[in-house]
Amino acid sequence: MASNPSSSIPFLLSVILILVVGTNAGGIAIYWGQNGNEGTLAQTCATGKYAFVNVAFLPTFRNGQKPQINLAGHCDPTTNGCTRFSSEIQSCQSRGIKVMLSIGGGAGSYSLSSTDDAKQVATYLWNNFLGGQSSSRPLGAAVLDGIDFDIEGGTTQHWDELARFLSQYSKQGKKVYLTAAPQCPFPDAYMGAALKTGLFDYVWVQFYNNPPCQYSSGNLVKYWNQWTTSIPAPKFFLGLPASPNAAGSGFIPAADLTSKVLPAIKGSAKYGGVMLWSKYYDDQAGYSSSIKSSV
């Protein structure tokens with residue numbers, strides 16, 4: 001039987017439209033830097049699993065003191081031992097992976113005391129990790145893609161100002177991406193005001209160590225919808241522990257994530273993917289490999 005080419009065109013277009021509309025593929029963001037047994041940064045990116053790597057952490061900055069990175073067993077910043085990661089950062093970026101510096105963390109000594117303090121921290125980050133100039137760049141000459149705010153302590157003020165100061169540097173050339181990892185109770189106790197600025201490109205909400213809004217409570221989707229409809233950010237990621245040992249609570253078995261949770265949240269136009277803590281735990285459990293095709 002001969003086919004009618006003209007009648008086939010509308011059918012093909014409808015199939016393509018269904019595929020485009022029905023597919024909201026995301027990526028995986030991973031935190032790297034807090035365990036010397038998790039492999040190098042270059043090895044992390046070479047796996048092909050991750051779209052974003054958050055280098056964790058810069059946990060020390062407050063009241064004008066010099067900021068200090070801490071990459072656990074990977075290197076000693078006091079002897080410039082972390083500059084060797086410059087080429088590895090560039091290797092990751094050559095693969096299309098965005099590499100962020102994560103400031104804060106769950107066990108840091110950080111805060112912002114004033115607008116001027118926020119400006120000084122922004123200037124330091126620009127000159128030492130982004131597109132500025134400094135004779136003592138902790139990670140070498142590589143220019144990171146942006147700054148990740150993992151603010152879990154310190155002051156509740158001035159983070160919005162830090163975000164504004166950092167975003168202004170985008171006018172000098174390469175865009176400075178801003179990301180954040182708030183806790184899932186809404187609004188976030190520390191980053192609430194900053195996240196309302198609309199300056200953050202990606203927000204990976206931590207749906208773990210927070211029983212009221214994590215999967216086991218039955219309220220995860222409700223909180224996900226509140227975050228995505230209330231905060232003016234382009235993309236949101238579901239933040240999860242990469243193994244049961246990676247957090248006190250909140251782990252979701254891969255089968256439940258792929259069959260129940262992701263289908264319930266991927267309909268959002270703001271869905272960006274999944275964030276995992278951390279590379280070390282992902283290595284132990286192989287979680288990203290189990291979920292990548294569904295993310």
# chains A, B, ... in the order shown; residues from 1 in each chain; ligands from 1
>>> residues_around(residues="Val53 of chain A", least_positions_apart="6", cutoff="12 Å", atoms="only C-alpha atoms", output="CSV table (one decimal) with N, CA and C atoms, in the first residue's frame")
chain,number,residue,atom,x,y,z
A,27,GLY,N,19.0,17.3,35.2
A,27,GLY,CA,20.4,16.9,35.4
A,27,GLY,C,20.6,16.6,36.9
A,28,ILE,N,21.8,16.2,37.2
A,28,ILE,CA,22.2,15.9,38.6
A,28,ILE,C,23.3,16.8,39.1
A,29,ALA,N,23.0,17.5,40.2
A,29,ALA,CA,24.1,18.3,40.9
A,29,ALA,C,24.6,17.5,42.0
A,30,ILE,N,26.0,17.6,42.2
A,30,ILE,CA,26.6,16.8,43.2
A,30,ILE,C,27.5,17.7,44.1
A,31,TYR,N,27.6,17.5,45.3
A,31,TYR,CA,28.6,18.1,46.2
A,31,TYR,C,29.9,17.3,46.3
A,32,TRP,N,31.0,17.9,46.1
A,32,TRP,CA,32.3,17.3,46.1
A,32,TRP,C,33.2,18.1,47.0
A,33,GLY,N,34.1,17.4,47.8
A,33,GLY,CA,35.1,18.2,48.5
A,33,GLY,C,35.3,17.9,50.0
A,40,THR,N,39.1,12.4,42.6
A,40,THR,CA,39.4,13.8,42.3
A,40,THR,C,38.3,14.5,41.6
A,41,LEU,N,38.4,15.8,41.5
A,41,LEU,CA,37.4,16.6,40.8
A,41,LEU,C,37.3,16.1,39.3
A,42,ALA,N,38.4,15.9,38.7
A,42,ALA,CA,38.4,15.5,37.3
A,42,ALA,C,37.7,14.1,37.1
A,43,GLN,N,38.0,13.2,38.0
A,43,GLN,CA,37.4,11.9,38.0
A,43,GLN,C,35.8,12.0,38.2
A,44,THR,N,35.4,12.9,39.1
A,44,THR,CA,34.0,13.2,39.3
A,44,THR,C,33.3,13.6,38.0
A,45,CYS,N,33.9,14.5,37.3
A,45,CYS,CA,33.3,15.0,36.1
A,45,CYS,C,33.4,14.0,34.9
A,46,ALA,N,34.4,13.2,34.9
A,46,ALA,CA,34.6,12.2,33.9
A,46,ALA,C,33.6,11.1,33.9
A,47,THR,N,32.9,10.9,35.0
A,47,THR,CA,31.8,9.9,35.1
A,47,THR,C,30.7,10.1,34.2
A,88,GLU,N,41.8,20.7,36.8
A,88,GLU,CA,40.6,19.8,36.9
A,88,GLU,C,39.3,20.6,36.7
A,89,ILE,N,39.3,21.8,37.3
A,89,ILE,CA,38.1,22.6,37.1
A,89,ILE,C,37.9,22.9,35.6
A,92,CYS,N,36.5,19.9,33.8
A,92,CYS,CA,35.1,19.8,34.0
A,92,CYS,C,34.3,20.7,33.1
A,93,GLN,N,34.7,22.0,33.1
A,93,GLN,CA,34.0,23.0,32.3
A,93,GLN,C,34.1,22.7,30.8
A,95,ARG,N,33.7,19.9,29.6
A,95,ARG,CA,32.7,18.9,29.4
A,95,ARG,C,31.3,19.5,29.5
A,96,GLY,N,31.2,20.8,29.7
A,96,GLY,CA,29.9,21.5,29.8
A,96,GLY,C,29.4,21.4,31.2
A,97,ILE,N,30.2,21.0,32.2
A,97,ILE,CA,29.7,21.0,33.6
A,97,ILE,C,30.0,22.3,34.3
A,98,LYS,N,29.0,22.8,35.0
A,98,LYS,CA,29.2,24.0,35.7
A,98,LYS,C,29.8,23.7,37.1
A,99,VAL,N,30.9,24.4,37.4
A,99,VAL,CA,31.6,24.2,38.7
A,99,VAL,C,31.4,25.4,39.6
A,100,MET,N,30.8,25.2,40.7
A,100,MET,CA,30.5,26.2,41.7
A,100,MET,C,31.3,26.1,42.9
A,101,LEU,N,31.6,27.2,43.6
A,101,LEU,CA,32.2,27.2,44.9
A,101,LEU,C,31.0,27.3,45.9
A,102,SER,N,30.9,26.4,46.8
A,102,SER,CA,29.9,26.4,47.8
A,102,SER,C,30.4,27.1,49.1
A,144,LEU,N,35.8,29.8,38.2
A,144,LEU,CA,34.6,29.0,38.5
A,144,LEU,C,33.4,29.7,37.9
A,145,ASP,N,32.3,28.9,37.8
A,145,ASP,CA,31.1,29.4,37.1
A,145,ASP,C,30.2,30.2,38.0
A,146,GLY,N,30.4,30.1,39.3
A,146,GLY,CA,29.6,30.9,40.2
A,146,GLY,C,29.7,30.5,41.6
A,147,ILE,N,28.8,30.9,42.5
A,147,ILE,CA,28.8,30.7,43.9
A,147,ILE,C,27.5,30.1,44.4
A,148,ASP,N,27.7,29.0,45.1
A,148,ASP,CA,26.5,28.3,45.7
A,148,ASP,C,26.4,28.7,47.2
A,179,THR,N,23.6,29.9,42.9
A,179,THR,CA,22.8,28.8,43.3
A,179,THR,C,22.6,28.8,44.8
A,275,MET,N,19.6,17.1,43.2
A,275,MET,CA,20.9,17.4,43.8
A,275,MET,C,21.2,16.3,44.8
A,276,LEU,N,22.4,15.8,44.9
A,276,LEU,CA,22.8,14.8,45.8
A,276,LEU,C,23.9,15.2,46.7
A,277,TRP,N,23.8,14.9,48.0
A,277,TRP,CA,24.9,14.9,48.9
A,277,TRP,C,25.3,13.5,49.3
A,278,SER,N,26.5,13.2,48.9
A,278,SER,CA,27.6,13.9,48.2
A,278,SER,C,28.3,12.9,47.3
A,279,LYS,N,29.3,13.3,46.7
A,279,LYS,CA,30.1,12.4,45.8
A,279,LYS,C,30.5,11.1,46.5
>>> select_by_dssp(residues="segment 94-141 of chain A", states="strand (DSSP E)", output="list in words")
Lys98, Val99, Met100, Leu101, Ser102, Ile103, Gly104, Gly105, Ser109 and Tyr110 of chain A
>>> write_last_selection(atoms="N, CA and C atoms", output="PDB file, in the first residue's frame")
ATOM      1  N   LYS A  98      29.030  22.814  34.970  1.00  0.00           N
ATOM      2  CA  LYS A  98      29.225  24.037  35.736  1.00  0.00           C
ATOM      3  C   LYS A  98      29.833  23.689  37.095  1.00  0.00           C
ATOM      4  N   VAL A  99      30.905  24.384  37.440  1.00  0.00           N
ATOM      5  CA  VAL A  99      31.592  24.159  38.704  1.00  0.00           C
ATOM      6  C   VAL A  99      31.399  25.381  39.589  1.00  0.00           C
ATOM      7  N   MET A 100      30.774  25.167  40.741  1.00  0.00           N
ATOM      8  CA  MET A 100      30.460  26.242  41.665  1.00  0.00           C
ATOM      9  C   MET A 100      31.310  26.116  42.924  1.00  0.00           C
ATOM     10  N   LEU A 101      31.586  27.235  43.570  1.00  0.00           N
ATOM     11  CA  LEU A 101      32.171  27.214  44.900  1.00  0.00           C
ATOM     12  C   LEU A 101      31.035  27.347  45.903  1.00  0.00           C
ATOM     13  N   SER A 102      30.914  26.369  46.797  1.00  0.00           N
ATOM     14  CA  SER A 102      29.855  26.418  47.793  1.00  0.00           C
ATOM     15  C   SER A 102      30.363  27.070  49.063  1.00  0.00           C
ATOM     16  N   ILE A 103      29.685  28.127  49.489  1.00  0.00           N
ATOM     17  CA  ILE A 103      30.063  28.823  50.713  1.00  0.00           C
ATOM     18  C   ILE A 103      29.099  28.441  51.835  1.00  0.00           C
ATOM     19  N   GLY A 104      29.633  28.386  53.055  1.00  0.00           N
ATOM     20  CA  GLY A 104      28.792  28.051  54.196  1.00  0.00           C
ATOM     21  C   GLY A 104      28.965  26.611  54.623  1.00  0.00           C
ATOM     22  N   GLY A 105      27.877  25.847  54.567  1.00  0.00           N
ATOM     23  CA  GLY A 105      27.901  24.465  55.008  1.00  0.00           C
ATOM     24  C   GLY A 105      27.294  24.300  56.387  1.00  0.00           C
ATOM     25  N   SER A 109      32.080  28.510  60.223  1.00  0.00           N
ATOM     26  CA  SER A 109      32.143  29.680  61.088  1.00  0.00           C
ATOM     27  C   SER A 109      31.986  30.889  60.190  1.00  0.00           C
ATOM     28  N   TYR A 110      30.762  31.221  59.879  1.00  0.00           N
ATOM     29  CA  TYR A 110      30.514  32.268  58.890  1.00  0.00           C
ATOM     30  C   TYR A 110      29.290  33.101  59.251  1.00  0.00           C
TER      31      TYR A 110
END
>>> select_by_dssp(residues="segment 111-255 of chain A", states="helix (DSSP H, G or I)", output="PyMOL selection string")
chain A and resi 115-129+159-172+192-195+215-217+220-230+244-246+254-255
>>> residues_around(residues="Ser217 of chain A", least_positions_apart="5", cutoff="12 Å", atoms="only C-alpha atoms", output="PyMOL selection string")
chain A and resi 207-212+222-223+249-250+252
>>> residues_around(residues="Asp150 of chain A", least_positions_apart="6", cutoff="12 Å", atoms="only C-alpha atoms", output="number ranges by chain")
A: 31, 54-59, 100-108, 110-111, 159, 178-183, 188, 190-191, 203-206, 239, 277
>>> write_last_selection(atoms="C-alpha atoms", output="PDB file, in the first residue's frame")
ATOM      1  CA  TYR A  31      28.613  18.148  46.192  1.00  0.00           C
ATOM      2  CA  ASN A  54      29.570  22.171  43.935  1.00  0.00           C
ATOM      3  CA  VAL A  55      33.062  22.414  45.416  1.00  0.00           C
ATOM      4  CA  ALA A  56      32.484  22.318  49.177  1.00  0.00           C
ATOM      5  CA  PHE A  57      33.177  24.368  51.178  1.00  0.00           C
ATOM      6  CA  LEU A  58      34.342  27.866  51.920  1.00  0.00           C
ATOM      7  CA  PRO A  59      33.104  27.691  55.540  1.00  0.00           C
ATOM      8  CA  MET A 100      30.460  26.242  41.665  1.00  0.00           C
ATOM      9  CA  LEU A 101      32.171  27.214  44.900  1.00  0.00           C
ATOM     10  CA  SER A 102      29.855  26.418  47.793  1.00  0.00           C
ATOM     11  CA  ILE A 103      30.063  28.823  50.713  1.00  0.00           C
ATOM     12  CA  GLY A 104      28.792  28.051  54.196  1.00  0.00           C
ATOM     13  CA  GLY A 105      27.901  24.465  55.008  1.00  0.00           C
ATOM     14  CA  GLY A 106      26.522  22.758  58.082  1.00  0.00           C
ATOM     15  CA  ALA A 107      29.589  23.186  60.275  1.00  0.00           C
ATOM     16  CA  GLY A 108      31.220  26.458  59.329  1.00  0.00           C
ATOM     17  CA  TYR A 110      30.514  32.268  58.890  1.00  0.00           C
ATOM     18  CA  SER A 111      28.179  35.235  58.942  1.00  0.00           C
ATOM     19  CA  TRP A 159      22.708  37.340  52.080  1.00  0.00           C
ATOM     20  CA  LEU A 178      24.193  31.929  41.726  1.00  0.00           C
ATOM     21  CA  THR A 179      22.776  28.782  43.286  1.00  0.00           C
ATOM     22  CA  ALA A 180      21.365  27.996  46.726  1.00  0.00           C
ATOM     23  CA  ALA A 181      20.655  24.979  48.921  1.00  0.00           C
ATOM     24  CA  PRO A 182      17.883  26.031  51.333  1.00  0.00           C
ATOM     25  CA  GLN A 183      16.180  23.659  53.767  1.00  0.00           C
ATOM     26  CA  ASP A 188      14.153  29.129  54.590  1.00  0.00           C
ATOM     27  CA  TYR A 190      18.487  32.054  56.594  1.00  0.00           C
ATOM     28  CA  MET A 191      18.032  32.534  52.848  1.00  0.00           C
ATOM     29  CA  VAL A 203      17.857  26.302  43.737  1.00  0.00           C
ATOM     30  CA  TRP A 204      18.465  22.800  45.127  1.00  0.00           C
ATOM     31  CA  VAL A 205      16.132  22.441  48.082  1.00  0.00           C
ATOM     32  CA  GLN A 206      17.317  20.072  50.807  1.00  0.00           C
ATOM     33  CA  GLY A 239      17.944  17.771  47.101  1.00  0.00           C
ATOM     34  CA  TRP A 277      24.895  14.948  48.944  1.00  0.00           C
TER      35      TRP A 277
END
